[in-house]
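Asker: Dropping the structure in here first, questions after.
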Amino acid sequence: HEDCNLKGIRLSELHFGGNKLFGCKAFDWDRFVFNVSQLPCLEYLDLDRTGAGRAACEAVAGYLSQGGCRLHTLLLRENHIDDECVDLLIPALEYNQSVRKLFLQKNRFTSVGRGRFLELLGHAPSPHLTYHSNHTLCDLRLDVSGV
């Protein structure tokens, strides 16, 4: 795709899983996600085991809400994502029409957060909620039990 050439670079995958830099208190998630959003062909983002918590969820939710987001796969396993983070991510995922795979195993959200994700997929108690669910997301991985 012609839009994918950013100064001759066609970058479609970023793997940061386990990177200790993200655990620094001074790490600026907003700046990181802004830089990621400048990659027009990015389809795969691995943020597993990066210490992602509320600040990361706010930044990622903003990115997912952008019209030009082409991300297909987002890995956020083994982080500090809790129910408050889920509340930030859900509206962004409702808007987003590109993310197909979202992996969230081994995080800190409870059955309430898991329930919100299931509603997002259409497993909802009313036809209205099912109609307004995200039908693009087809591979959501959560822990069945936990907190």
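Ligands are numbered from 1 in the order shown, chains are lettered A, B, ... in the order of the structure tokens, and residues start at 1 in each chain.
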So that I can check the surroundings of Gln105 (chain A), please list as a list in words every protein, DNA and RNA residue that reaches within 10 Å of it, counting only C-alpha atoms and ignoring chain neighbours fewer than 4 positions away.

Answerer: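 Near neighbours after the sequence-gap exclusion: Asp48, Leu75, Leu76, Arg77, Glu78, Asn79, Ile81, Phe109, Leu140, Arg141, Leu142, Asp143, Val144 and Gly146 of chain A.
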
Asker: With a distance cut-off of 9 Å and only C-alpha atoms, select the neighbouring residues of Ser65 (chain A), excluding the residue or stretch itself and same-chain residues fewer than 6 positions from it, and output the selection as an mmCIF file with N, CA, C and O atoms, in the first residue's frame.

Answerer:
data_model
loop_
_atom_site.group_PDB
_atom_site.id
_atom_site.type_symbol
_atom_site.label_atom_id
_atom_site.label_comp_id
_atom_site.auth_asym_id
_atom_site.auth_seq_id
_atom_site.Cartn_x
_atom_site.Cartn_y
_atom_site.Cartn_z
ATOM 1 N N PRO A 91 -14.361 1.244 25.118
ATOM 2 C CA PRO A 91 -14.898 2.202 24.128
ATOM 3 C C PRO A 91 -14.015 2.321 22.882
ATOM 4 O O PRO A 91 -14.522 2.454 21.770
ATOM 5 N N ALA A 92 -12.703 2.233 23.071
ATOM 6 C CA ALA A 92 -11.791 2.314 21.926
ATOM 7 C C ALA A 92 -11.973 1.101 21.015
ATOM 8 O O ALA A 92 -11.968 1.221 19.788
ATOM 9 N N LEU A 93 -12.152 -0.074 21.611
ATOM 10 C CA LEU A 93 -12.362 -1.286 20.820
ATOM 11 C C LEU A 93 -13.730 -1.298 20.151
ATOM 12 O O LEU A 93 -13.892 -1.863 19.067
ATOM 13 N N GLU A 94 -14.718 -0.663 20.774
ATOM 14 C CA GLU A 94 -16.032 -0.547 20.137
ATOM 15 C C GLU A 94 -15.938 0.297 18.867
ATOM 16 O O GLU A 94 -16.594 0.006 17.869
ATOM 17 N N TYR A 95 -15.094 1.309 18.899
ATOM 18 C CA TYR A 95 -14.908 2.198 17.749
ATOM 19 C C TYR A 95 -14.026 1.549 16.679
ATOM 20 O O TYR A 95 -14.282 1.663 15.486
ATOM 21 N N ASN A 96 -12.976 0.880 17.122
ATOM 22 C CA ASN A 96 -11.966 0.345 16.228
ATOM 23 C C ASN A 96 -12.530 -0.770 15.341
ATOM 24 O O ASN A 96 -13.245 -1.640 15.810
#

Asker: Between A:Phe27, A:Gln97, A:Val33, A:Ala55, which has the minimum distance to Asp82 (chain A) (counting only C-alpha atoms)?

Answerer: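 With only C-alpha atoms as the atom set, the closest residue is A:Ala55.
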
Asker: Using only C-alpha atoms, which residue out of A:Gln66, A:Thr136, A:Asn19, A:Ser12 lies closest to Tyr44 (chain A)?

Answerer: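 For Tyr44 (chain A), the nearest of the given residues is A:Ser12.
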
Asker: What's around Cys138 (chain A) at 12 Å? Count only C-alpha atoms, leave out sequence neighbours fewer than 5 positions away in its own chain, and write the answer as a PDB file with all heavy atoms, in the first residue's frame.

Answerer:
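Dumped to selection-v4.pdb:
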ATOM      1  N   HIS A  72      -3.951  -5.065  13.589  1.00  0.00           N
ATOM      2  CA  HIS A  72      -4.757  -6.290  13.548  1.00  0.00           C
ATOM      3  C   HIS A  72      -4.571  -7.110  14.810  1.00  0.00           C
ATOM      4  O   HIS A  72      -5.482  -7.792  15.250  1.00  0.00           O
ATOM      5  CB  HIS A  72      -4.363  -7.162  12.352  1.00  0.00           C
ATOM      6  CG  HIS A  72      -4.801  -6.604  11.042  1.00  0.00           C
ATOM      7  ND1 HIS A  72      -5.194  -7.394  10.011  1.00  0.00           N
ATOM      8  CD2 HIS A  72      -4.915  -5.339  10.587  1.00  0.00           C
ATOM      9  CE1 HIS A  72      -5.521  -6.644   8.971  1.00  0.00           C
ATOM     10  NE2 HIS A  72      -5.359  -5.394   9.304  1.00  0.00           N
ATOM     11  N   THR A  73      -3.352  -7.073  15.370  1.00  0.00           N
ATOM     12  CA  THR A  73      -3.024  -7.897  16.530  1.00  0.00           C
ATOM     13  C   THR A  73      -2.389  -7.034  17.611  1.00  0.00           C
ATOM     14  O   THR A  73      -1.433  -6.307  17.346  1.00  0.00           O
ATOM     15  CB  THR A  73      -2.050  -9.026  16.139  1.00  0.00           C
ATOM     16  OG1 THR A  73      -2.645  -9.806  15.091  1.00  0.00           O
ATOM     17  CG2 THR A  73      -1.708  -9.911  17.318  1.00  0.00           C
ATOM     18  N   GLN A  97     -12.177  -0.735  14.071  1.00  0.00           N
ATOM     19  CA  GLN A  97     -12.642  -1.744  13.121  1.00  0.00           C
ATOM     20  C   GLN A  97     -11.503  -2.548  12.509  1.00  0.00           C
ATOM     21  O   GLN A  97     -11.689  -3.236  11.505  1.00  0.00           O
ATOM     22  CB  GLN A  97     -13.456  -1.082  12.003  1.00  0.00           C
ATOM     23  CG  GLN A  97     -14.734  -0.446  12.494  1.00  0.00           C
ATOM     24  CD  GLN A  97     -15.682  -1.458  13.107  1.00  0.00           C
ATOM     25  OE1 GLN A  97     -16.013  -2.469  12.512  1.00  0.00           O
ATOM     26  NE2 GLN A  97     -16.112  -1.186  14.333  1.00  0.00           N
ATOM     27  N   SER A  98     -10.302  -2.477  13.116  1.00  0.00           N
ATOM     28  CA  SER A  98      -9.180  -3.210  12.531  1.00  0.00           C
ATOM     29  C   SER A  98      -8.656  -4.330  13.422  1.00  0.00           C
ATOM     30  O   SER A  98      -8.171  -5.333  12.910  1.00  0.00           O
ATOM     31  CB  SER A  98      -8.033  -2.247  12.190  1.00  0.00           C
ATOM     32  OG  SER A  98      -7.495  -1.678  13.363  1.00  0.00           O
ATOM     33  N   VAL A  99      -8.731  -4.179  14.735  1.00  0.00           N
ATOM     34  CA  VAL A  99      -8.158  -5.187  15.631  1.00  0.00           C
ATOM     35  C   VAL A  99      -8.959  -6.480  15.549  1.00  0.00           C
ATOM     36  O   VAL A  99     -10.164  -6.497  15.765  1.00  0.00           O
ATOM     37  CB  VAL A  99      -8.097  -4.682  17.095  1.00  0.00           C
ATOM     38  CG1 VAL A  99      -7.613  -5.787  18.024  1.00  0.00           C
ATOM     39  CG2 VAL A  99      -7.184  -3.478  17.202  1.00  0.00           C
ATOM     40  N   ARG A 100      -8.251  -7.556  15.203  1.00  0.00           N
ATOM     41  CA  ARG A 100      -8.880  -8.869  15.092  1.00  0.00           C
ATOM     42  C   ARG A 100      -8.446  -9.803  16.222  1.00  0.00           C
ATOM     43  O   ARG A 100      -9.172 -10.710  16.593  1.00  0.00           O
ATOM     44  CB  ARG A 100      -8.544  -9.504  13.745  1.00  0.00           C
ATOM     45  CG  ARG A 100      -9.272  -8.829  12.592  1.00  0.00           C
ATOM     46  CD  ARG A 100      -8.746  -9.298  11.250  1.00  0.00           C
ATOM     47  NE  ARG A 100      -9.452  -8.800  10.108  1.00  0.00           N
ATOM     48  CZ  ARG A 100      -9.612  -7.533   9.765  1.00  0.00           C
ATOM     49  NH1 ARG A 100      -9.164  -6.593  10.547  1.00  0.00           N
ATOM     50  NH2 ARG A 100     -10.238  -7.177   8.673  1.00  0.00           N
ATOM     51  N   LYS A 101      -7.220  -9.592  16.730  1.00  0.00           N
ATOM     52  CA  LYS A 101      -6.681 -10.439  17.797  1.00  0.00           C
ATOM     53  C   LYS A 101      -6.238  -9.559  18.960  1.00  0.00           C
ATOM     54  O   LYS A 101      -5.473  -8.613  18.778  1.00  0.00           O
ATOM     55  CB  LYS A 101      -5.489 -11.254  17.295  1.00  0.00           C
ATOM     56  CG  LYS A 101      -5.835 -12.228  16.208  1.00  0.00           C
ATOM     57  CD  LYS A 101      -4.602 -12.989  15.760  1.00  0.00           C
ATOM     58  CE  LYS A 101      -4.945 -13.949  14.635  1.00  0.00           C
ATOM     59  NZ  LYS A 101      -3.784 -14.740  14.231  1.00  0.00           N
ATOM     60  N   LEU A 102      -6.709  -9.918  20.158  1.00  0.00           N
ATOM     61  CA  LEU A 102      -6.349  -9.203  21.379  1.00  0.00           C
ATOM     62  C   LEU A 102      -6.078 -10.239  22.461  1.00  0.00           C
ATOM     63  O   LEU A 102      -6.966 -10.997  22.833  1.00  0.00           O
ATOM     64  CB  LEU A 102      -7.485  -8.266  21.799  1.00  0.00           C
ATOM     65  CG  LEU A 102      -7.303  -7.503  23.100  1.00  0.00           C
ATOM     66  CD1 LEU A 102      -6.067  -6.595  23.038  1.00  0.00           C
ATOM     67  CD2 LEU A 102      -8.548  -6.677  23.397  1.00  0.00           C
ATOM     68  N   PHE A 103      -4.840 -10.282  22.935  1.00  0.00           N
ATOM     69  CA  PHE A 103      -4.441 -11.269  23.940  1.00  0.00           C
ATOM     70  C   PHE A 103      -4.196 -10.547  25.259  1.00  0.00           C
ATOM     71  O   PHE A 103      -3.336  -9.670  25.343  1.00  0.00           O
ATOM     72  CB  PHE A 103      -3.171 -12.001  23.510  1.00  0.00           C
ATOM     73  CG  PHE A 103      -3.323 -12.835  22.257  1.00  0.00           C
ATOM     74  CD1 PHE A 103      -2.241 -13.507  21.750  1.00  0.00           C
ATOM     75  CD2 PHE A 103      -4.532 -12.954  21.579  1.00  0.00           C
ATOM     76  CE1 PHE A 103      -2.347 -14.284  20.598  1.00  0.00           C
ATOM     77  CE2 PHE A 103      -4.665 -13.721  20.439  1.00  0.00           C
ATOM     78  CZ  PHE A 103      -3.567 -14.390  19.952  1.00  0.00           C
ATOM     79  N   PHE A 117     -15.490  -7.520  28.376  1.00  0.00           N
ATOM     80  CA  PHE A 117     -14.939  -7.994  27.110  1.00  0.00           C
ATOM     81  C   PHE A 117     -15.900  -8.941  26.401  1.00  0.00           C
ATOM     82  O   PHE A 117     -16.045  -8.884  25.183  1.00  0.00           O
ATOM     83  CB  PHE A 117     -13.576  -8.660  27.311  1.00  0.00           C
ATOM     84  CG  PHE A 117     -12.452  -7.681  27.444  1.00  0.00           C
ATOM     85  CD1 PHE A 117     -11.744  -7.581  28.618  1.00  0.00           C
ATOM     86  CD2 PHE A 117     -12.101  -6.863  26.388  1.00  0.00           C
ATOM     87  CE1 PHE A 117     -10.705  -6.676  28.753  1.00  0.00           C
ATOM     88  CE2 PHE A 117     -11.064  -5.949  26.499  1.00  0.00           C
ATOM     89  CZ  PHE A 117     -10.362  -5.860  27.689  1.00  0.00           C
ATOM     90  N   LEU A 118     -16.576  -9.796  27.138  1.00  0.00           N
ATOM     91  CA  LEU A 118     -17.545 -10.704  26.525  1.00  0.00           C
ATOM     92  C   LEU A 118     -18.712  -9.929  25.916  1.00  0.00           C
ATOM     93  O   LEU A 118     -19.202 -10.268  24.837  1.00  0.00           O
ATOM     94  CB  LEU A 118     -18.042 -11.730  27.540  1.00  0.00           C
ATOM     95  CG  LEU A 118     -16.995 -12.740  28.005  1.00  0.00           C
ATOM     96  CD1 LEU A 118     -17.562 -13.649  29.086  1.00  0.00           C
ATOM     97  CD2 LEU A 118     -16.457 -13.547  26.838  1.00  0.00           C
ATOM     98  N   LEU A 120     -18.469  -6.991  24.696  1.00  0.00           N
ATOM     99  CA  LEU A 120     -17.899  -6.384  23.490  1.00  0.00           C
ATOM    100  C   LEU A 120     -18.034  -7.334  22.298  1.00  0.00           C
ATOM    101  O   LEU A 120     -18.288  -6.910  21.180  1.00  0.00           O
ATOM    102  CB  LEU A 120     -16.429  -6.040  23.728  1.00  0.00           C
ATOM    103  CG  LEU A 120     -15.646  -5.484  22.549  1.00  0.00           C
ATOM    104  CD1 LEU A 120     -16.108  -4.070  22.230  1.00  0.00           C
ATOM    105  CD2 LEU A 120     -14.160  -5.501  22.861  1.00  0.00           C
ATOM    106  N   LEU A 121     -17.893  -8.626  22.560  1.00  0.00           N
ATOM    107  CA  LEU A 121     -17.979  -9.615  21.487  1.00  0.00           C
ATOM    108  C   LEU A 121     -19.401 -10.006  21.120  1.00  0.00           C
ATOM    109  O   LEU A 121     -19.617 -10.716  20.155  1.00  0.00           O
ATOM    110  CB  LEU A 121     -17.205 -10.875  21.884  1.00  0.00           C
ATOM    111  CG  LEU A 121     -15.701 -10.732  21.958  1.00  0.00           C
ATOM    112  CD1 LEU A 121     -15.080 -12.035  22.403  1.00  0.00           C
ATOM    113  CD2 LEU A 121     -15.120 -10.303  20.630  1.00  0.00           C
ATOM    114  N   GLY A 122     -20.359  -9.566  21.930  1.00  0.00           N
ATOM    115  CA  GLY A 122     -21.746  -9.897  21.620  1.00  0.00           C
ATOM    116  C   GLY A 122     -22.378 -10.880  22.572  1.00  0.00           C
ATOM    117  O   GLY A 122     -23.540 -11.199  22.443  1.00  0.00           O
ATOM    118  N   SER A 133     -22.137  -4.602  19.433  1.00  0.00           N
ATOM    119  CA  SER A 133     -20.867  -5.204  19.814  1.00  0.00           C
ATOM    120  C   SER A 133     -19.860  -5.091  18.661  1.00  0.00           C
ATOM    121  O   SER A 133     -20.208  -4.787  17.531  1.00  0.00           O
ATOM    122  CB  SER A 133     -21.080  -6.673  20.185  1.00  0.00           C
ATOM    123  OG  SER A 133     -21.530  -7.400  19.066  1.00  0.00           O
TER     124      SER A 133
END

Asker: Can you list every residue in chain A that DSSP puts in strand (DSSP E or B), as an mmCIF file with N, CA and C atoms, in the first residue's frame?

Answerer:
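Heads up, here's the output in result10.cif:
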data_model
loop_
_atom_site.group_PDB
_atom_site.id
_atom_site.type_symbol
_atom_site.label_atom_id
_atom_site.label_comp_id
_atom_site.auth_asym_id
_atom_site.auth_seq_id
_atom_site.Cartn_x
_atom_site.Cartn_y
_atom_site.Cartn_z
ATOM 1 N N LEU A 6 6.888 5.081 4.825
ATOM 2 C CA LEU A 6 7.254 6.215 5.665
ATOM 3 C C LEU A 6 8.752 6.405 5.492
ATOM 4 N N ILE A 9 10.466 3.230 4.710
ATOM 5 C CA ILE A 9 10.368 2.141 5.677
ATOM 6 C C ILE A 9 8.945 1.596 5.681
ATOM 7 N N GLU A 13 5.300 -4.796 11.929
ATOM 8 C CA GLU A 13 5.312 -5.481 13.220
ATOM 9 C C GLU A 13 6.315 -4.829 14.165
ATOM 10 N N LEU A 14 5.894 -4.697 15.428
ATOM 11 C CA LEU A 14 6.793 -4.246 16.490
ATOM 12 C C LEU A 14 6.692 -5.235 17.644
ATOM 13 N N HIS A 15 7.837 -5.742 18.085
ATOM 14 C CA HIS A 15 7.899 -6.718 19.174
ATOM 15 C C HIS A 15 8.670 -6.101 20.338
ATOM 16 N N TYR A 44 0.803 -5.304 13.836
ATOM 17 C CA TYR A 44 1.083 -6.229 14.934
ATOM 18 C C TYR A 44 1.908 -5.496 15.982
ATOM 19 N N LEU A 45 1.401 -5.441 17.218
ATOM 20 C CA LEU A 45 2.108 -4.756 18.305
ATOM 21 C C LEU A 45 2.154 -5.664 19.527
ATOM 22 N N ASP A 46 3.361 -6.051 19.916
ATOM 23 C CA ASP A 46 3.586 -6.936 21.064
ATOM 24 C C ASP A 46 4.055 -6.094 22.249
ATOM 25 N N THR A 73 -3.352 -7.073 15.370
ATOM 26 C CA THR A 73 -3.024 -7.897 16.530
ATOM 27 C C THR A 73 -2.389 -7.034 17.611
ATOM 28 N N LEU A 74 -2.930 -7.144 18.830
ATOM 29 C CA LEU A 74 -2.405 -6.411 19.982
ATOM 30 C C LEU A 74 -2.200 -7.401 21.120
ATOM 31 N N LEU A 75 -0.956 -7.523 21.571
ATOM 32 C CA LEU A 75 -0.608 -8.434 22.654
ATOM 33 C C LEU A 75 -0.334 -7.623 23.916
ATOM 34 N N LYS A 101 -7.220 -9.592 16.730
ATOM 35 C CA LYS A 101 -6.681 -10.439 17.797
ATOM 36 C C LYS A 101 -6.238 -9.559 18.960
ATOM 37 N N LEU A 102 -6.709 -9.918 20.158
ATOM 38 C CA LEU A 102 -6.349 -9.203 21.379
ATOM 39 C C LEU A 102 -6.078 -10.239 22.461
ATOM 40 N N PHE A 103 -4.840 -10.282 22.935
ATOM 41 C CA PHE A 103 -4.441 -11.269 23.940
ATOM 42 C C PHE A 103 -4.196 -10.547 25.259
ATOM 43 N N ASP A 139 -10.529 -12.977 17.837
ATOM 44 C CA ASP A 139 -9.684 -13.812 18.691
ATOM 45 C C ASP A 139 -9.320 -13.026 19.935
ATOM 46 N N LEU A 140 -10.127 -13.203 20.975
ATOM 47 C CA LEU A 140 -9.908 -12.541 22.260
ATOM 48 C C LEU A 140 -9.498 -13.598 23.261
ATOM 49 N N ARG A 141 -8.331 -13.426 23.861
ATOM 50 C CA ARG A 141 -7.851 -14.423 24.814
ATOM 51 C C ARG A 141 -7.753 -13.804 26.209
#

Asker: Which is closest to Leu21 (chain A) among A:Val112, A:Cys57, A:Leu88, A:Ala52, if we use only C-alpha atoms?

Answerer: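 Among the listed residues, the smallest separation from Leu21 (chain A) belongs to A:Ala52.
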
Asker: Return as a ChimeraX atom specification the full set of residues in region 10-123 of chain A whose backbone-based DSSP assignment is alpha helix (DSSP H).

Answerer: /A:29-37,54-64,83-95,111-121

Asker: Of the candidates A:Arg31, A:Arg10, A:Arg114, A:Lys20, which one gets nearest to Gly51 (chain A) if we count only C-alpha atoms?

Answerer: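 For Gly51 (chain A), the nearest of the given residues is A:Lys20.
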
Asker: Could you jot down the CA of Cys41 (chain A) to CA of Leu64 (chain A) separation for me, Å, one decimal place?

Answerer: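 Taking CA of Cys41 (chain A) as the start and CA of Leu64 (chain A) as the end point, the length is 13.8 Å.
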